[in-house]
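Data from input_21.cif: mmCIF, C-alpha atoms; chains and numbers go by the auth columns
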data_my_file
#
loop_
_atom_site.group_PDB
_atom_site.id
_atom_site.type_symbol
_atom_site.label_atom_id
_atom_site.label_comp_id
_atom_site.label_asym_id
_atom_site.label_seq_id
_atom_site.Cartn_x
_atom_site.Cartn_y
_atom_site.Cartn_z
_atom_site.B_iso_or_equiv
_atom_site.auth_seq_id
_atom_site.auth_asym_id
ATOM 1 C CA SER A 1 9.505 3.302 19.548 0.00 10 B
ATOM 2 C CA PRO A 2 12.091 1.809 21.944 0.00 11 B
ATOM 3 C CA PHE A 3 14.844 2.225 19.350 0.00 12 B
ATOM 4 C CA HIS A 4 15.875 4.827 16.771 0.00 13 B
ATOM 5 C CA ALA A 5 13.857 4.154 13.648 0.00 14 B
ATOM 6 C CA ASP A 6 11.575 5.682 11.041 0.00 15 B
ATOM 7 C CA PHE A 7 8.574 3.427 10.511 0.00 16 B
ATOM 8 C CA ALA A 8 6.354 3.624 7.431 0.00 17 B
ATOM 9 C CA SER A 9 3.923 0.709 7.714 0.00 18 B
ATOM 10 C CA ILE A 10 2.293 -1.601 10.266 0.00 19 B
ATOM 11 C CA VAL A 11 0.366 -4.872 10.230 0.00 20 B
ATOM 12 C CA GLY A 12 -1.045 -6.861 13.123 0.00 21 B
ATOM 13 C CA PHE A 13 -2.605 -10.273 13.692 0.00 22 B
ATOM 14 C CA GLY A 14 -3.569 -9.713 17.317 0.00 23 B
ATOM 15 C CA PRO A 15 -2.324 -7.851 20.398 0.00 24 B
ATOM 16 C CA THR A 16 0.666 -10.199 20.683 0.00 25 B
ATOM 17 C CA ASP A 17 1.656 -10.257 17.008 0.00 26 B
ATOM 18 C CA ILE A 18 2.370 -6.817 15.515 0.00 27 B
ATOM 19 C CA PHE A 19 4.956 -6.044 12.829 0.00 28 B
ATOM 20 C CA VAL A 20 6.227 -2.619 11.725 0.00 29 B
ATOM 21 C CA ALA A 21 8.587 -1.812 8.862 0.00 30 B
ATOM 22 C CA GLY A 22 10.792 1.129 7.963 0.00 31 B
ATOM 23 C CA SER A 23 14.443 2.061 8.343 0.00 32 B
ATOM 24 C CA LYS A 24 17.054 2.794 10.961 0.00 33 B
ATOM 25 C CA SER A 25 17.178 6.525 11.667 0.00 34 B
ATOM 26 C CA GLY A 26 20.149 8.213 10.044 0.00 35 B
ATOM 27 C CA SER A 27 21.072 5.109 8.043 0.00 36 B
ATOM 28 C CA SER A 28 21.657 4.854 4.339 0.00 37 B
ATOM 29 C CA ALA A 29 23.315 1.496 3.595 0.00 38 B
ATOM 30 C CA SER A 30 21.612 -1.648 4.921 0.00 39 B
ATOM 31 C CA ALA A 31 18.869 0.482 6.444 0.00 40 B
ATOM 32 C CA ALA A 32 15.886 -1.870 6.150 0.00 41 B
ATOM 33 C CA LEU A 33 14.331 -2.528 9.545 0.00 42 B
ATOM 34 C CA VAL A 34 11.454 -4.695 10.783 0.00 43 B
ATOM 35 C CA ALA A 35 10.285 -4.807 14.400 0.00 44 B
ATOM 36 C CA HIS A 36 7.925 -7.277 16.079 0.00 45 B
ATOM 37 C CA PHE A 37 5.849 -6.816 19.243 0.00 46 B
ATOM 38 C CA ASP A 38 4.872 -9.948 21.174 0.00 47 B
ATOM 39 C CA GLY A 39 2.617 -8.195 23.657 0.00 48 B
ATOM 40 C CA ARG A 40 5.425 -7.310 26.048 0.00 49 B
ATOM 41 C CA THR A 41 8.617 -6.445 24.183 0.00 50 B
ATOM 42 C CA TRP A 42 9.780 -5.202 20.807 0.00 51 B
ATOM 43 C CA THR A 43 12.399 -7.143 18.823 0.00 52 B
ATOM 44 C CA GLN A 44 14.098 -5.517 15.852 0.00 53 B
ATOM 45 C CA THR A 45 15.611 -7.161 12.781 0.00 54 B
ATOM 46 C CA VAL A 46 17.936 -5.271 10.430 0.00 55 B
ATOM 47 C CA LEU A 47 17.692 -6.564 6.869 0.00 56 B
ATOM 48 C CA PRO A 48 20.120 -6.125 3.929 0.00 57 B
ATOM 49 C CA GLY A 49 18.313 -3.503 1.884 0.00 58 B
ATOM 50 C CA GLY A 50 17.055 0.032 1.646 0.00 59 B
ATOM 51 C CA PRO A 51 14.244 1.641 3.638 0.00 60 B
ATOM 52 C CA LEU A 52 11.020 -0.375 3.734 0.00 61 B
ATOM 53 C CA GLN A 53 7.763 1.311 2.742 0.00 62 B
ATOM 54 C CA ALA A 54 5.171 -1.427 3.265 0.00 63 B
ATOM 55 C CA ILE A 55 4.468 -4.559 5.287 0.00 64 B
ATOM 56 C CA ALA A 56 1.536 -6.989 5.052 0.00 65 B
ATOM 57 C CA GLY A 57 0.664 -10.642 5.418 0.00 66 B
ATOM 58 C CA SER A 58 -1.958 -13.321 5.862 0.00 67 B
ATOM 59 C CA GLY A 59 -0.686 -14.303 9.318 0.00 68 B
ATOM 60 C CA PRO A 60 2.388 -14.262 11.576 0.00 69 B
ATOM 61 C CA SER A 61 4.062 -16.998 9.499 0.00 70 B
ATOM 62 C CA ASP A 62 3.394 -15.285 6.157 0.00 71 B
ATOM 63 C CA VAL A 63 4.588 -11.669 6.225 0.00 72 B
ATOM 64 C CA TRP A 64 5.944 -9.566 3.365 0.00 73 B
ATOM 65 C CA ALA A 65 7.982 -6.363 3.691 0.00 74 B
ATOM 66 C CA ALA A 66 9.071 -4.273 0.718 0.00 75 B
ATOM 67 C CA GLY A 67 10.657 -0.951 -0.140 0.00 76 B
ATOM 68 C CA ILE A 68 13.357 0.645 -2.216 0.00 77 B
ATOM 69 C CA GLU A 69 16.724 -0.546 -3.550 0.00 78 B
ATOM 70 C CA ASN A 70 15.898 -4.213 -4.157 0.00 79 B
ATOM 71 C CA SER A 71 14.297 -4.585 -0.740 0.00 80 B
ATOM 72 C CA VAL A 72 11.660 -7.332 -0.794 0.00 81 B
ATOM 73 C CA PHE A 73 11.546 -9.832 2.068 0.00 82 B
ATOM 74 C CA HIS A 74 9.319 -12.684 3.251 0.00 83 B
ATOM 75 C CA PHE A 75 8.974 -14.002 6.811 0.00 84 B
ATOM 76 C CA ASN A 76 7.892 -17.627 7.298 0.00 85 B
ATOM 77 C CA GLY A 77 7.474 -17.403 11.050 0.00 86 B
ATOM 78 C CA SER A 78 11.131 -18.129 11.747 0.00 87 B
ATOM 79 C CA VAL A 79 13.432 -16.255 9.381 0.00 88 B
ATOM 80 C CA TRP A 80 13.324 -13.378 6.907 0.00 89 B
ATOM 81 C CA ALA A 81 14.339 -14.305 3.334 0.00 90 B
ATOM 82 C CA LYS A 82 15.244 -11.786 0.648 0.00 91 B
ATOM 83 C CA HIS A 83 13.655 -12.009 -2.815 0.00 92 B
ATOM 84 C CA ASP A 84 15.725 -10.225 -5.445 0.00 93 B
ATOM 85 C CA VAL A 85 13.837 -8.003 -7.878 0.00 94 B
ATOM 86 C CA ASP A 86 14.805 -5.504 -10.562 0.00 95 B
ATOM 87 C CA LYS A 87 16.858 -2.887 -8.674 0.00 96 B
ATOM 88 C CA ARG A 88 15.105 -0.141 -10.629 0.00 97 B
ATOM 89 C CA LEU A 89 11.765 -1.085 -9.033 0.00 98 B
ATOM 90 C CA TRP A 90 10.878 0.650 -5.776 0.00 99 B
ATOM 91 C CA PHE A 91 7.961 -1.004 -3.983 0.00 100 B
ATOM 92 C CA GLN A 92 5.267 1.411 -2.810 0.00 101 B
ATOM 93 C CA ASP A 93 2.701 -0.874 -1.156 0.00 102 B
ATOM 94 C CA ILE A 94 1.932 -4.545 -0.645 0.00 103 B
ATOM 95 C CA LYS A 95 -1.136 -6.503 0.456 0.00 104 B
ATOM 96 C CA VAL A 96 -2.151 -10.166 0.768 0.00 105 B
ATOM 97 C CA VAL A 97 -5.628 -11.178 -0.427 0.00 106 B
ATOM 98 C CA LYS A 98 -6.829 -14.714 0.284 0.00 107 B
ATOM 99 C CA GLY A 99 -3.225 -15.872 0.552 0.00 108 B
ATOM 100 C CA LYS A 100 -2.110 -14.141 -2.665 0.00 109 B
ATOM 101 C CA PRO A 101 0.410 -11.268 -2.359 0.00 110 B
ATOM 102 C CA TYR A 102 0.005 -8.188 -4.588 0.00 111 B
ATOM 103 C CA ALA A 103 2.198 -5.098 -4.769 0.00 112 B
ATOM 104 C CA LEU A 104 2.538 -1.664 -6.304 0.00 113 B
ATOM 105 C CA ALA A 105 5.951 -0.523 -7.492 0.00 114 B
ATOM 106 C CA TYR A 106 7.403 2.310 -9.525 0.00 115 B
ATOM 107 C CA ARG A 107 10.484 3.148 -11.586 0.00 116 B
ATOM 108 C CA ILE A 108 11.785 6.589 -12.517 0.00 117 B
ATOM 109 C CA ASP A 109 13.404 6.911 -15.952 0.00 118 B
ATOM 110 C CA GLU A 110 15.455 9.718 -17.441 0.00 119 B
ATOM 111 C CA GLN A 111 14.101 9.176 -20.949 0.00 120 B
ATOM 112 C CA PRO A 112 11.644 10.475 -21.864 0.00 121 B
ATOM 113 C CA ALA A 113 12.414 13.245 -19.420 0.00 122 B
ATOM 114 C CA ASP A 114 10.637 13.020 -16.063 0.00 123 B
ATOM 115 C CA THR A 115 8.957 9.677 -16.808 0.00 124 B
ATOM 116 C CA THR A 116 7.661 7.399 -14.061 0.00 125 B
ATOM 117 C CA TRP A 117 6.576 3.817 -14.689 0.00 126 B
ATOM 118 C CA TYR A 118 4.088 2.233 -12.290 0.00 127 B
ATOM 119 C CA TYR A 119 3.582 -1.521 -11.857 0.00 128 B
ATOM 120 C CA PHE A 120 0.871 -3.738 -10.408 0.00 129 B
ATOM 121 C CA LEU A 121 2.525 -7.023 -9.416 0.00 130 B
ATOM 122 C CA GLU A 122 1.433 -10.484 -8.285 0.00 131 B
ATOM 123 C CA TRP A 123 3.562 -13.053 -6.464 0.00 132 B
ATOM 124 C CA ASN A 124 3.642 -16.314 -8.421 0.00 133 B
ATOM 125 C CA THR A 125 5.299 -18.962 -6.215 0.00 134 B
ATOM 126 C CA SER A 126 8.878 -17.897 -6.964 0.00 135 B
ATOM 127 C CA ARG A 127 8.751 -14.487 -8.658 0.00 136 B
ATOM 128 C CA TRP A 128 6.840 -11.229 -8.963 0.00 137 B
ATOM 129 C CA ASP A 129 4.881 -11.069 -12.218 0.00 138 B
ATOM 130 C CA THR A 130 3.748 -7.775 -13.755 0.00 139 B
ATOM 131 C CA LEU A 131 -0.010 -7.735 -14.300 0.00 140 B
ATOM 132 C CA GLU A 132 -0.419 -4.105 -15.404 0.00 141 B
ATOM 133 C CA THR A 133 1.712 -1.022 -16.037 0.00 142 B
ATOM 134 C CA ALA A 134 1.125 2.705 -16.379 0.00 143 B
ATOM 135 C CA MET A 135 3.444 5.438 -17.659 0.00 144 B
ATOM 136 C CA ASP A 136 3.347 8.986 -16.299 0.00 145 B
ATOM 137 C CA VAL A 137 5.103 11.546 -18.516 0.00 146 B
ATOM 138 C CA SER A 138 5.503 15.116 -17.343 0.00 147 B
ATOM 139 C CA GLY A 139 3.093 17.423 -19.154 0.00 148 B
ATOM 140 C CA ILE A 140 0.818 14.627 -20.404 0.00 149 B
ATOM 141 C CA SER A 141 -2.514 13.727 -18.784 0.00 150 B
ATOM 142 C CA PHE A 142 -2.122 10.675 -16.548 0.00 151 B
ATOM 143 C CA ALA A 143 -4.955 8.118 -16.805 0.00 152 B
ATOM 144 C CA PRO A 144 -3.830 4.758 -15.386 0.00 153 B
ATOM 145 C CA SER A 145 -6.094 1.711 -15.226 0.00 154 B
ATOM 146 C CA PHE A 146 -5.278 1.146 -11.535 0.00 155 B
ATOM 147 C CA GLY A 147 -4.379 3.156 -8.447 0.00 156 B
ATOM 148 C CA VAL A 148 -0.616 3.570 -8.388 0.00 157 B
ATOM 149 C CA LEU A 149 0.169 4.574 -4.800 0.00 158 B
ATOM 150 C CA SER A 150 -1.888 2.572 -2.294 0.00 159 B
ATOM 151 C CA LEU A 151 -3.563 -0.806 -1.798 0.00 160 B
ATOM 152 C CA SER A 152 -6.373 -1.703 0.615 0.00 161 B
ATOM 153 C CA VAL A 153 -8.088 -4.975 1.467 0.00 162 B
ATOM 154 C CA ILE A 154 -11.730 -4.562 2.480 0.00 163 B
ATOM 155 C CA ASP A 155 -14.113 -7.461 3.009 0.00 164 B
ATOM 156 C CA GLY A 156 -11.815 -9.783 1.068 0.00 165 B
ATOM 157 C CA ALA A 157 -11.555 -7.474 -1.962 0.00 166 B
ATOM 158 C CA LEU A 158 -8.509 -5.525 -3.203 0.00 167 B
ATOM 159 C CA TYR A 159 -8.716 -1.775 -3.852 0.00 168 B
ATOM 160 C CA SER A 160 -6.111 0.696 -5.082 0.00 169 B
ATOM 161 C CA GLY A 161 -5.870 4.452 -4.856 0.00 170 B
ATOM 162 C CA VAL A 162 -4.422 7.550 -6.559 0.00 171 B
ATOM 163 C CA PRO A 163 -5.290 9.199 -8.824 0.00 172 B
ATOM 164 C CA ASN A 164 -8.736 7.588 -8.402 0.00 173 B
ATOM 165 C CA VAL A 165 -10.167 4.612 -6.526 0.00 174 B
ATOM 166 C CA TYR A 166 -10.224 1.218 -8.259 0.00 175 B
ATOM 167 C CA LYS A 167 -11.436 -2.293 -7.393 0.00 176 B
ATOM 168 C CA PHE A 168 -9.766 -5.520 -8.539 0.00 177 B
ATOM 169 C CA ASP A 169 -11.958 -8.518 -9.424 0.00 178 B
ATOM 170 C CA GLY A 170 -9.069 -10.969 -9.663 0.00 179 B
ATOM 171 C CA ASN A 171 -8.490 -10.310 -13.355 0.00 180 B
ATOM 172 C CA GLN A 172 -8.816 -6.582 -13.992 0.00 181 B
ATOM 173 C CA TRP A 173 -9.328 -3.225 -12.314 0.00 182 B
ATOM 174 C CA SER A 174 -12.437 -1.062 -12.570 0.00 183 B
ATOM 175 C CA LYS A 175 -12.637 2.568 -11.493 0.00 184 B
ATOM 176 C CA ILE A 176 -15.277 3.084 -8.798 0.00 185 B
ATOM 177 C CA GLN A 177 -14.685 6.698 -7.752 0.00 186 B
ATOM 178 C CA ASP A 178 -13.098 9.830 -9.246 0.00 187 B
ATOM 179 C CA ARG A 179 -11.054 12.628 -7.787 0.00 188 B
ATOM 180 C CA VAL A 180 -9.874 11.037 -4.561 0.00 189 B
ATOM 181 C CA GLY A 181 -6.967 8.854 -3.671 0.00 190 B
ATOM 182 C CA ASP A 182 -7.190 6.282 -0.889 0.00 191 B
ATOM 183 C CA VAL A 183 -9.965 3.999 0.361 0.00 192 B
ATOM 184 C CA PHE A 184 -10.870 2.332 3.658 0.00 193 B
ATOM 185 C CA GLY A 185 -14.002 0.719 5.108 0.00 194 B
ATOM 186 C CA THR A 186 -15.575 -2.371 6.629 0.00 195 B
ATOM 187 C CA SER A 187 -17.377 -3.862 3.621 0.00 196 B
ATOM 188 C CA ARG A 188 -18.197 -3.219 -0.028 0.00 197 B
ATOM 189 C CA ASN A 189 -21.315 -1.437 1.233 0.00 198 B
ATOM 190 C CA ASN A 190 -19.402 0.820 3.601 0.00 199 B
ATOM 191 C CA LEU A 191 -16.470 2.434 1.812 0.00 200 B
ATOM 192 C CA PHE A 192 -14.784 5.781 2.393 0.00 201 B
ATOM 193 C CA ALA A 193 -12.645 7.454 -0.260 0.00 202 B
ATOM 194 C CA ILE A 194 -10.294 10.274 0.707 0.00 203 B
ATOM 195 C CA GLY A 195 -7.618 12.443 -0.861 0.00 204 B
ATOM 196 C CA TYR A 196 -6.651 15.972 -1.723 0.00 205 B
ATOM 197 C CA ARG A 197 -10.072 16.730 -3.133 0.00 206 B
ATOM 198 C CA GLY A 198 -12.330 15.675 -0.293 0.00 207 B
ATOM 199 C CA MET A 199 -13.995 12.681 1.284 0.00 208 B
ATOM 200 C CA SER A 200 -16.821 10.473 0.001 0.00 209 B
ATOM 201 C CA HIS A 201 -18.826 7.522 1.307 0.00 210 B
ATOM 202 C CA PHE A 202 -20.278 4.583 -0.635 0.00 211 B
ATOM 203 C CA ASN A 203 -23.316 2.739 0.804 0.00 212 B
ATOM 204 C CA GLY A 204 -23.398 -0.025 -1.799 0.00 213 B
ATOM 205 C CA THR A 205 -25.490 1.997 -4.232 0.00 214 B
ATOM 206 C CA ASP A 206 -24.482 5.653 -4.287 0.00 215 B
ATOM 207 C CA TRP A 207 -21.506 7.839 -3.451 0.00 216 B
ATOM 208 C CA TYR A 208 -22.050 10.786 -1.092 0.00 217 B
ATOM 209 C CA GLU A 209 -19.503 13.597 -0.992 0.00 218 B
ATOM 210 C CA TYR A 210 -19.116 15.315 2.370 0.00 219 B
ATOM 211 C CA PRO A 211 -19.464 19.075 1.753 0.00 220 B
ATOM 212 C CA GLN A 212 -17.321 20.071 4.743 0.00 221 B
ATOM 213 C CA PHE A 213 -14.232 18.668 3.003 0.00 222 B
ATOM 214 C CA GLN A 214 -14.796 20.187 -0.445 0.00 223 B
ATOM 215 C CA SER A 215 -13.076 23.499 0.224 0.00 224 B
ATOM 216 C CA MET A 216 -10.295 22.290 2.488 0.00 225 B
ATOM 217 C CA SER A 217 -6.760 23.488 1.805 0.00 226 B
ATOM 218 C CA PHE A 218 -5.057 20.234 2.811 0.00 227 B
ATOM 219 C CA GLY A 219 -5.207 16.588 1.838 0.00 228 B
ATOM 220 C CA LEU A 220 -6.471 13.564 3.739 0.00 229 B
ATOM 221 C CA SER A 221 -3.951 10.721 3.736 0.00 230 B
ATOM 222 C CA SER A 222 -5.365 7.878 5.834 0.00 231 B
ATOM 223 C CA GLY A 223 -8.492 6.761 7.653 0.00 232 B
ATOM 224 C CA TRP A 224 -10.114 4.073 9.786 0.00 233 B
ATOM 225 C CA THR A 225 -13.657 3.057 10.646 0.00 234 B
ATOM 226 C CA ASP A 226 -15.345 0.481 12.860 0.00 235 B
ATOM 227 C CA GLY A 227 -18.578 0.754 10.896 0.00 236 B
ATOM 228 C CA LYS A 228 -20.069 3.314 13.277 0.00 237 B
ATOM 229 C CA GLU A 229 -17.482 6.093 13.401 0.00 238 B
ATOM 230 C CA ALA A 230 -14.777 7.176 10.954 0.00 239 B
ATOM 231 C CA PHE A 231 -11.482 8.905 11.689 0.00 240 B
ATOM 232 C CA VAL A 232 -9.240 10.566 9.099 0.00 241 B
ATOM 233 C CA VAL A 233 -5.844 12.265 9.220 0.00 242 B
ATOM 234 C CA GLY A 234 -4.041 14.604 6.841 0.00 243 B
ATOM 235 C CA ASN A 235 -1.399 17.278 6.421 0.00 244 B
ATOM 236 C CA ASP A 236 -1.845 20.988 5.831 0.00 245 B
#

Using structure tokens, write down the structure that the file contains.
Amino acid sequence: SPFHADFASIVGFGPTDIFVAGSKSGSSASAALVAHFDGRTWTQTVLPGGPLQAIAGSGPSDVWAAGIENSVFHFNGSVWAKHDVDKRLWFQDIKVVKGKPYALAYRIDEQPADTTWYYFLEWNTSRWDTLETAMDVSGISFAPSFGVLSLSVIDGALYSGVPNVYKFDGNQWSKIQDRVGDVFGTSRNNLFAIGYRGMSHFNGTDWYEYPQFQSMSFGLSSGWTDGKEAFVVGND
């Protein structure tokens, strides 16, 4: 980038309207940073909060950015406004589906020891409402009803990932694939699921697991497809 920053998320509405979110490199206090590309130059905006982990929107005048330490902001096309939330909630991901913002957040508690609470949230005009929660306690099998780490919007539908892949019908989540974490695709009949345990493809009827990924020693973290080819990245 043209300035010192650590970016975690990107959203675009065309070649002249791209937003990225993250934090100023080496910063701790007031580290939230959003940058916008207009096709020629980058403009950065420092916001009063902690590092941002996600950015999404329905258009250039409806953009949400969220992260840790009470860092939730909305852009109306002119200015960024902060929306205060419980300081214990750290936002993990955010997506906008048909004009409705949804988010994943988490909270780490000391009691019981090593407990993490996960939240699926919906924006309701003036506040974030909790739709579902899941509790992860060290040493106890974790079986949430929704994916706790990532959100994806594919063909107008909302999906979540980790520890499995889930689909939201507007009222509740249903698990559609086991053992993998994130999902990407072009339609409900062309979905890819990836994670630490391989890569699978859904054609609208059946899931196919790619054998070349079954014995890999590293995890796949993100992917993209145009409907003809698929690209995935990961860390070993």

field: Shortest interatomic distance to Tyr127 of chain B - which of B:Asn85, B:Gly108, B:Val171, B:Ala17, counting only C-alpha atoms
entry: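 Residue with the minimum atom-to-atom distance to Tyr127 of chain B: B:Val171.
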
Give me the residues of segment 105-135 of chain B that have any atom at most 10 Å from an atom of segment 49-65 of chain B; for each, the nearest atom pair and the distance in Å, rounded to one decimal. Use all atoms listed in the file, sort by chain and number, and format it as CSV.
residue,atom,partner,partner_atom,distance
B:Val105,CA,B:Ala65,CA,6.5
B:Val106,CA,B:Ala65,CA,9.9
B:Pro110,CA,B:Ala65,CA,8.6
B:Tyr111,CA,B:Ala65,CA,9.8
B:Ala112,CA,B:Ala63,CA,9.3
B:Leu113,CA,B:Ala63,CA,9.9

message: From the options B:Thr125, B:Trp233, B:Gln223, B:Ala143, which residue's atoms come nearest to Ser161 of chain B, counting all atoms listed in the file?
response: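 Looking only at the distances to Ser161 of chain B, the closest residue turns out to be B:Trp233.
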
field: Evaluate the PyMOL selection byres ((chain B and resi 220) around 12) and report residues as a PyMOL selection string
entry: chain B and resi 206-210+217-219+221-225

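Among the candidates B:Thr25, B:Ser169, B:Gln120, B:Ser34, the one nearest to Gly48 of chain B when counting all atoms listed in the file is B:Thr25.
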
message: Applying the PyMOL selection byres ((chain B and resi 191) around 6) to the file I just gave you, which residues come out? Please list them as an MDAnalysis selection string.
response: chainID B and resid 170 190 192 202:203

- prompt: Looking at only C-alpha atoms, which of B:Phe22, B:Trp73, B:Trp126, B:Trp216 is the one that sits closest to Arg97 of chain B?
  reply: B:Trp126
